[in-house]
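Beneath this line is the structure, given in structure tokens, with notes to follow.
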Amino acid sequence: MIFQCNDLERALEFPELMPDARAHAERCESCRRQLYLWSEISRVAPQLHEDWESPGLWPRIELALVDAAPRPKHVPAWRWTIAVAAVALVAVMLSQPWRGKTPAPNGELLTDRALAEVQQAEQAYARSINRLSAVAQKDLEKSAAPVAAAYREKLLVLDSAIADVKANLESNRYNTYLQTELASLYKDKQNTLKEWLDYAKRN
Amino acid sequence: MVGAALALIEPIAARTEFVSEGELLAACRRRDLRAFEHLYQVHGARLKSVAYRLTGNRQDAEDVVQKTFLKLYRAIEGFEAQSSIGTWLCRIAINACYDLGRHRKREAELPVEQERGAKNQLPLKAALDDALGRIHPRYRMVFLLFEVEGFRHMEIASILQIPEGTSKAWLFEAKKELKRLLTETGR
């Protein structure tokens with residue numbers, strides 16, 4: 001192929017034509033400059049990467065992420081009312097004399113036993129979380145970091161929600177929904193304490 | 001001395017904490033902050049640079065990076081892993097820059113003046129920087145991602161949601177335009 005100046009653009013697009021372009025450029029000053037500029041653009045381009053120190057950026061992002069963490073949902077009063085009404089309805093239906101079913105002599109005993117098991121498990125779980133909390137609280141209260149403040153606030157919200165659910169459970173011992181809600185709040189508290197301990201260990 | 005050595009070791013330690021992208025993704029889905037910190041250490045600098053090129057100042061670029069991580073945190077459940085997390089992050093960052101641009105337009109602010117220290121740049125670098133601002137935005141974007149930030153065409157295709165061939169063609173057009181502009185200015 002006889003390479004001419006107007007073939008240069010095609011050569012830049014199709015690398016297989018490049019050897020011919022280079023051979024031509026040895027004799028042609030204008031094409032030599034064009035080829036040089038083409039390669040210089042790619043050589044200089046990485047220098048346009050902008051880099052600067054931003055020591056405060058990650059802590060800022062971390063704080064925003066902690067803040068965005070899903071919080072335990074606030075259960076509105078009307079949902080509590082519906083739950084209590086549903087439990088009451090089930091209790092009434094079970095005790096209907098016209099259904100002709102006589103309750104098993106030990107039915108109540110079984111229910112009480114199952115409930116006692118749940119409560120024992122819950123108490124053991126709560127005790128272990130309290131122990132974890134005692135370990136974590138020392139560092140958490142001492143720390144002045146903004147992240148620590150966010151964790152403290154989250155734990156306060158969780159403790160308050162736990163207290164609410166517990167108070168409701170005292171007047172409604174058989175409510176499985178409330179038991180599940182309480183277990184979920186304890187789990188949330190456990191994860192939060194664990195996250196804080198991990199964070200404290202790393203910093 | 002020891003501090004400097006530690007500063008070198010720490011990012012490497014963080015990088016080796018998650019051995020695979022799958023493990024990292026699983027940790028992100030558990031909302032494990034260490035996973036997000038790892039992503040920041042690996043991709044933060046590149047995201048800042050891309051955001052800086054699109055917004056024109058460092059403060060906005062840092063805000064965009066923060067928004068990017070927040071969006072990732074909130075939307076991680078919806079990530080289908082068809083591309084890498086790095087390219088997904090870059091896509092989120094670019095969209096966040098466009099959102100910021102639209103917001104600025106609505107507020108009818110004056111265009112942000114670039115903080116670039118053109119006077120301190122080498123002649124060709126300064127000329128290239130200037131010429132880059134004068135080419136078509138889509139060509140500029142592919143040039144930035146490929147030549148400046150080192151993404152591959154496959155990744156650019158995923159970030160900009162264009163075919164890989166289009167990415168290659170736009171890069172060629174970008175370089176052709178830049179060569180023309182630099183030739184005109186006598187470089």
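We name chains A, B, ... following the order of the structure tokens; residues begin at 1 in each chain, and ligands are numbered from 1 as shown.
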
Item checked: At most 8 Å to chain B: residues in chain A, only C-alpha atoms, as number ranges by chain -> A: 13, 34, 37-38, 41-42, 44-51, 57-58, 60-62, 64-65, 68-69, 195

Could you take the residues named above and write them with N, CA and C atoms, as a short mmCIF file (atom, residue, chain, number, x, y, z; two decimals), in the first residue's frame?
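Written output follows (selection.cif):
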```cif
data_model
loop_
_atom_site.label_atom_id
_atom_site.label_comp_id
_atom_site.auth_asym_id
_atom_site.auth_seq_id
_atom_site.Cartn_x
_atom_site.Cartn_y
_atom_site.Cartn_z
N GLU A 13 -7.22 5.00 13.56
CA GLU A 13 -8.39 4.23 13.98
C GLU A 13 -8.13 2.73 13.90
N GLN A 34 1.76 14.83 13.88
CA GLN A 34 0.41 14.35 14.22
C GLN A 34 0.49 13.05 15.04
N LEU A 37 1.72 13.81 18.54
CA LEU A 37 0.67 14.43 19.36
C LEU A 37 -0.34 13.38 19.82
N TRP A 38 -0.68 12.46 18.89
CA TRP A 38 -1.64 11.40 19.21
C TRP A 38 -1.16 10.57 20.42
N ILE A 41 -1.08 12.65 23.76
CA ILE A 41 -2.40 12.83 24.42
C ILE A 41 -2.62 11.70 25.43
N SER A 42 -2.35 10.47 24.99
CA SER A 42 -2.55 9.33 25.89
C SER A 42 -1.51 9.31 27.01
N VAL A 44 -0.03 11.97 28.42
CA VAL A 44 -0.24 13.06 29.39
C VAL A 44 -1.58 12.93 30.14
N ALA A 45 -2.56 12.27 29.49
CA ALA A 45 -3.91 12.20 30.08
C ALA A 45 -3.94 11.74 31.54
N PRO A 46 -3.21 10.67 31.92
CA PRO A 46 -3.30 10.23 33.32
C PRO A 46 -2.90 11.32 34.32
N GLN A 47 -2.12 12.32 33.85
CA GLN A 47 -1.73 13.41 34.76
C GLN A 47 -2.92 14.32 35.09
N LEU A 48 -4.00 14.16 34.34
CA LEU A 48 -5.19 14.97 34.63
C LEU A 48 -6.01 14.38 35.79
N HIS A 49 -5.59 13.20 36.25
CA HIS A 49 -6.27 12.62 37.42
C HIS A 49 -6.02 13.55 38.61
N GLU A 50 -7.10 13.95 39.26
CA GLU A 50 -6.98 14.90 40.39
C GLU A 50 -6.97 14.12 41.69
N ASP A 51 -5.98 14.39 42.51
CA ASP A 51 -5.93 13.72 43.81
C ASP A 51 -5.59 14.73 44.89
N LEU A 57 -13.11 12.99 54.97
CA LEU A 57 -14.21 12.51 54.13
C LEU A 57 -14.77 11.16 54.60
N TRP A 58 -13.89 10.19 54.87
CA TRP A 58 -14.42 8.89 55.28
C TRP A 58 -15.19 9.00 56.61
N ARG A 60 -16.87 11.39 57.69
CA ARG A 60 -18.14 12.04 57.37
C ARG A 60 -19.10 11.03 56.73
N ILE A 61 -18.55 10.23 55.80
CA ILE A 61 -19.38 9.22 55.13
C ILE A 61 -19.85 8.19 56.16
N GLU A 62 -18.92 7.77 57.03
CA GLU A 62 -19.24 6.74 58.02
C GLU A 62 -20.40 7.21 58.92
N ALA A 64 -22.66 9.39 58.15
CA ALA A 64 -23.90 9.42 57.36
C ALA A 64 -24.47 8.01 57.23
N LEU A 65 -23.58 7.01 57.09
CA LEU A 65 -24.06 5.63 56.95
C LEU A 65 -24.67 5.14 58.26
N ALA A 68 -27.94 6.49 58.55
CA ALA A 68 -28.91 5.93 57.59
C ALA A 68 -29.29 4.50 57.93
N ALA A 69 -28.65 3.93 58.96
CA ALA A 69 -28.93 2.53 59.32
C ALA A 69 -30.41 2.37 59.65
N GLU A 195 -21.23 -3.94 66.46
CA GLU A 195 -20.67 -2.98 65.49
C GLU A 195 -19.79 -1.97 66.18
#
```

Margin query: Going by DSSP on the backbone, which residues of segment 48-90 of chain B come out as helix (DSSP H, G or I)? List them as a PyMOL selection string.
Written below: chain B and resi 48-55+58-78+85-90

Note to self: Could you check the closest approach to Val66 of chain A for each of A:Arg113, A:Lys154, A:Lys142, A:Arg33 and tell me which residue wins, using only C-alpha atoms?
What the structure shows: A:Lys154

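Distances to Ile135 of chain B were evaluated for B:Ala35, B:Ala174, B:Leu25, B:Ala81 using only C-alpha atoms, and the minimum falls at B:Ala174.
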
Notebook entry, point to check: Near Lys138 of chain A, within 12 Å and counting only C-alpha atoms, which residues show up once chain neighbours fewer than 2 positions away are dropped, as a list of chain:residue names?
Noted result: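 Answer for this query is A:Arg131, A:Leu132, A:Ser133, A:Ala134, A:Val135, A:Ala136, A:Leu140, A:Glu141, A:Lys142, A:Ser143, A:Ala148, A:Arg152, A:Leu193, A:Trp196, A:Leu197, A:Ala200.
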
Please save N, CA and C atoms of the selected residues as a PDB file, in the first residue's frame.
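Final output, saved to result_37.pdb:
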```pdb
ATOM      1  N   ARG A 131     -24.530  -8.062  79.584  1.00  0.00           N
ATOM      2  CA  ARG A 131     -23.092  -8.217  79.846  1.00  0.00           C
ATOM      3  C   ARG A 131     -22.292  -7.578  78.705  1.00  0.00           C
ATOM      4  N   LEU A 132     -22.750  -7.845  77.473  1.00  0.00           N
ATOM      5  CA  LEU A 132     -22.082  -7.263  76.291  1.00  0.00           C
ATOM      6  C   LEU A 132     -22.166  -5.739  76.368  1.00  0.00           C
ATOM      7  N   SER A 133     -23.322  -5.269  76.788  1.00  0.00           N
ATOM      8  CA  SER A 133     -23.551  -3.829  76.884  1.00  0.00           C
ATOM      9  C   SER A 133     -22.594  -3.194  77.898  1.00  0.00           C
ATOM     10  N   ALA A 134     -22.390  -3.898  79.036  1.00  0.00           N
ATOM     11  CA  ALA A 134     -21.497  -3.361  80.070  1.00  0.00           C
ATOM     12  C   ALA A 134     -20.085  -3.199  79.517  1.00  0.00           C
ATOM     13  N   VAL A 135     -19.660  -4.179  78.688  1.00  0.00           N
ATOM     14  CA  VAL A 135     -18.309  -4.106  78.095  1.00  0.00           C
ATOM     15  C   VAL A 135     -18.243  -2.918  77.135  1.00  0.00           C
ATOM     16  N   ALA A 136     -19.270  -2.816  76.282  1.00  0.00           N
ATOM     17  CA  ALA A 136     -19.241  -1.780  75.233  1.00  0.00           C
ATOM     18  C   ALA A 136     -19.438  -0.373  75.807  1.00  0.00           C
ATOM     19  N   LEU A 140     -17.841   3.401  74.955  1.00  0.00           N
ATOM     20  CA  LEU A 140     -18.822   4.242  74.265  1.00  0.00           C
ATOM     21  C   LEU A 140     -19.020   5.562  75.007  1.00  0.00           C
ATOM     22  N   GLU A 141     -19.098   5.500  76.341  1.00  0.00           N
ATOM     23  CA  GLU A 141     -19.336   6.724  77.101  1.00  0.00           C
ATOM     24  C   GLU A 141     -18.099   7.612  77.136  1.00  0.00           C
ATOM     25  N   LYS A 142     -16.932   6.951  77.091  1.00  0.00           N
ATOM     26  CA  LYS A 142     -15.686   7.725  77.136  1.00  0.00           C
ATOM     27  C   LYS A 142     -15.435   8.458  75.818  1.00  0.00           C
ATOM     28  N   SER A 143     -15.811   7.802  74.721  1.00  0.00           N
ATOM     29  CA  SER A 143     -15.428   8.323  73.405  1.00  0.00           C
ATOM     30  C   SER A 143     -16.169   9.624  73.058  1.00  0.00           C
ATOM     31  N   ALA A 148     -19.448   7.685  67.946  1.00  0.00           N
ATOM     32  CA  ALA A 148     -19.866   7.171  69.254  1.00  0.00           C
ATOM     33  C   ALA A 148     -21.198   7.802  69.664  1.00  0.00           C
ATOM     34  N   ARG A 152     -24.550   5.878  70.610  1.00  0.00           N
ATOM     35  CA  ARG A 152     -25.218   6.095  71.906  1.00  0.00           C
ATOM     36  C   ARG A 152     -26.700   6.390  71.679  1.00  0.00           C
ATOM     37  N   LEU A 193     -24.256  -3.186  69.397  1.00  0.00           N
ATOM     38  CA  LEU A 193     -23.133  -3.252  70.343  1.00  0.00           C
ATOM     39  C   LEU A 193     -21.916  -3.893  69.678  1.00  0.00           C
ATOM     40  N   TRP A 196     -20.283  -1.463  67.329  1.00  0.00           N
ATOM     41  CA  TRP A 196     -19.501  -0.455  68.044  1.00  0.00           C
ATOM     42  C   TRP A 196     -18.182  -1.048  68.532  1.00  0.00           C
ATOM     43  N   LEU A 197     -18.256  -2.293  69.096  1.00  0.00           N
ATOM     44  CA  LEU A 197     -17.028  -2.918  69.598  1.00  0.00           C
ATOM     45  C   LEU A 197     -16.025  -3.123  68.468  1.00  0.00           C
ATOM     46  N   ALA A 200     -14.590   0.267  67.709  1.00  0.00           N
ATOM     47  CA  ALA A 200     -13.669   0.713  68.760  1.00  0.00           C
ATOM     48  C   ALA A 200     -12.345  -0.038  68.651  1.00  0.00           C
TER      49      ALA A 200
END
```

Notebook entry, point to check: What lies within 8 Å of segment 85-95 of chain A using only C-alpha atoms, ignoring chain neighbours under 3 positions off, as a list in words?
Noted result: Thr81, Ile82 and Asn175 of chain A

Notebook entry, point to check: What is the atom CA of Arg173 of chain A to atom CA of Leu115 of chain A distance in Å?
Noted result: 8.0 Å

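The shortest atom-to-atom distance to Tyr186 of chain A, with only C-alpha atoms taken into account, belongs to A:Ser160 out of A:Ser39, A:Ser160, A:Asn168, A:Gln4.
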
Margin query: For a quick check of understanding, using only C-alpha atoms, which of B:Met141, B:Ala96, B:Leu24, B:Leu171 has the smallest distance to Ala61 of chain B?
Written below: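 Nearest candidate to Ala61 of chain B out of B:Met141, B:Ala96, B:Leu24, B:Leu171: B:Ala96.
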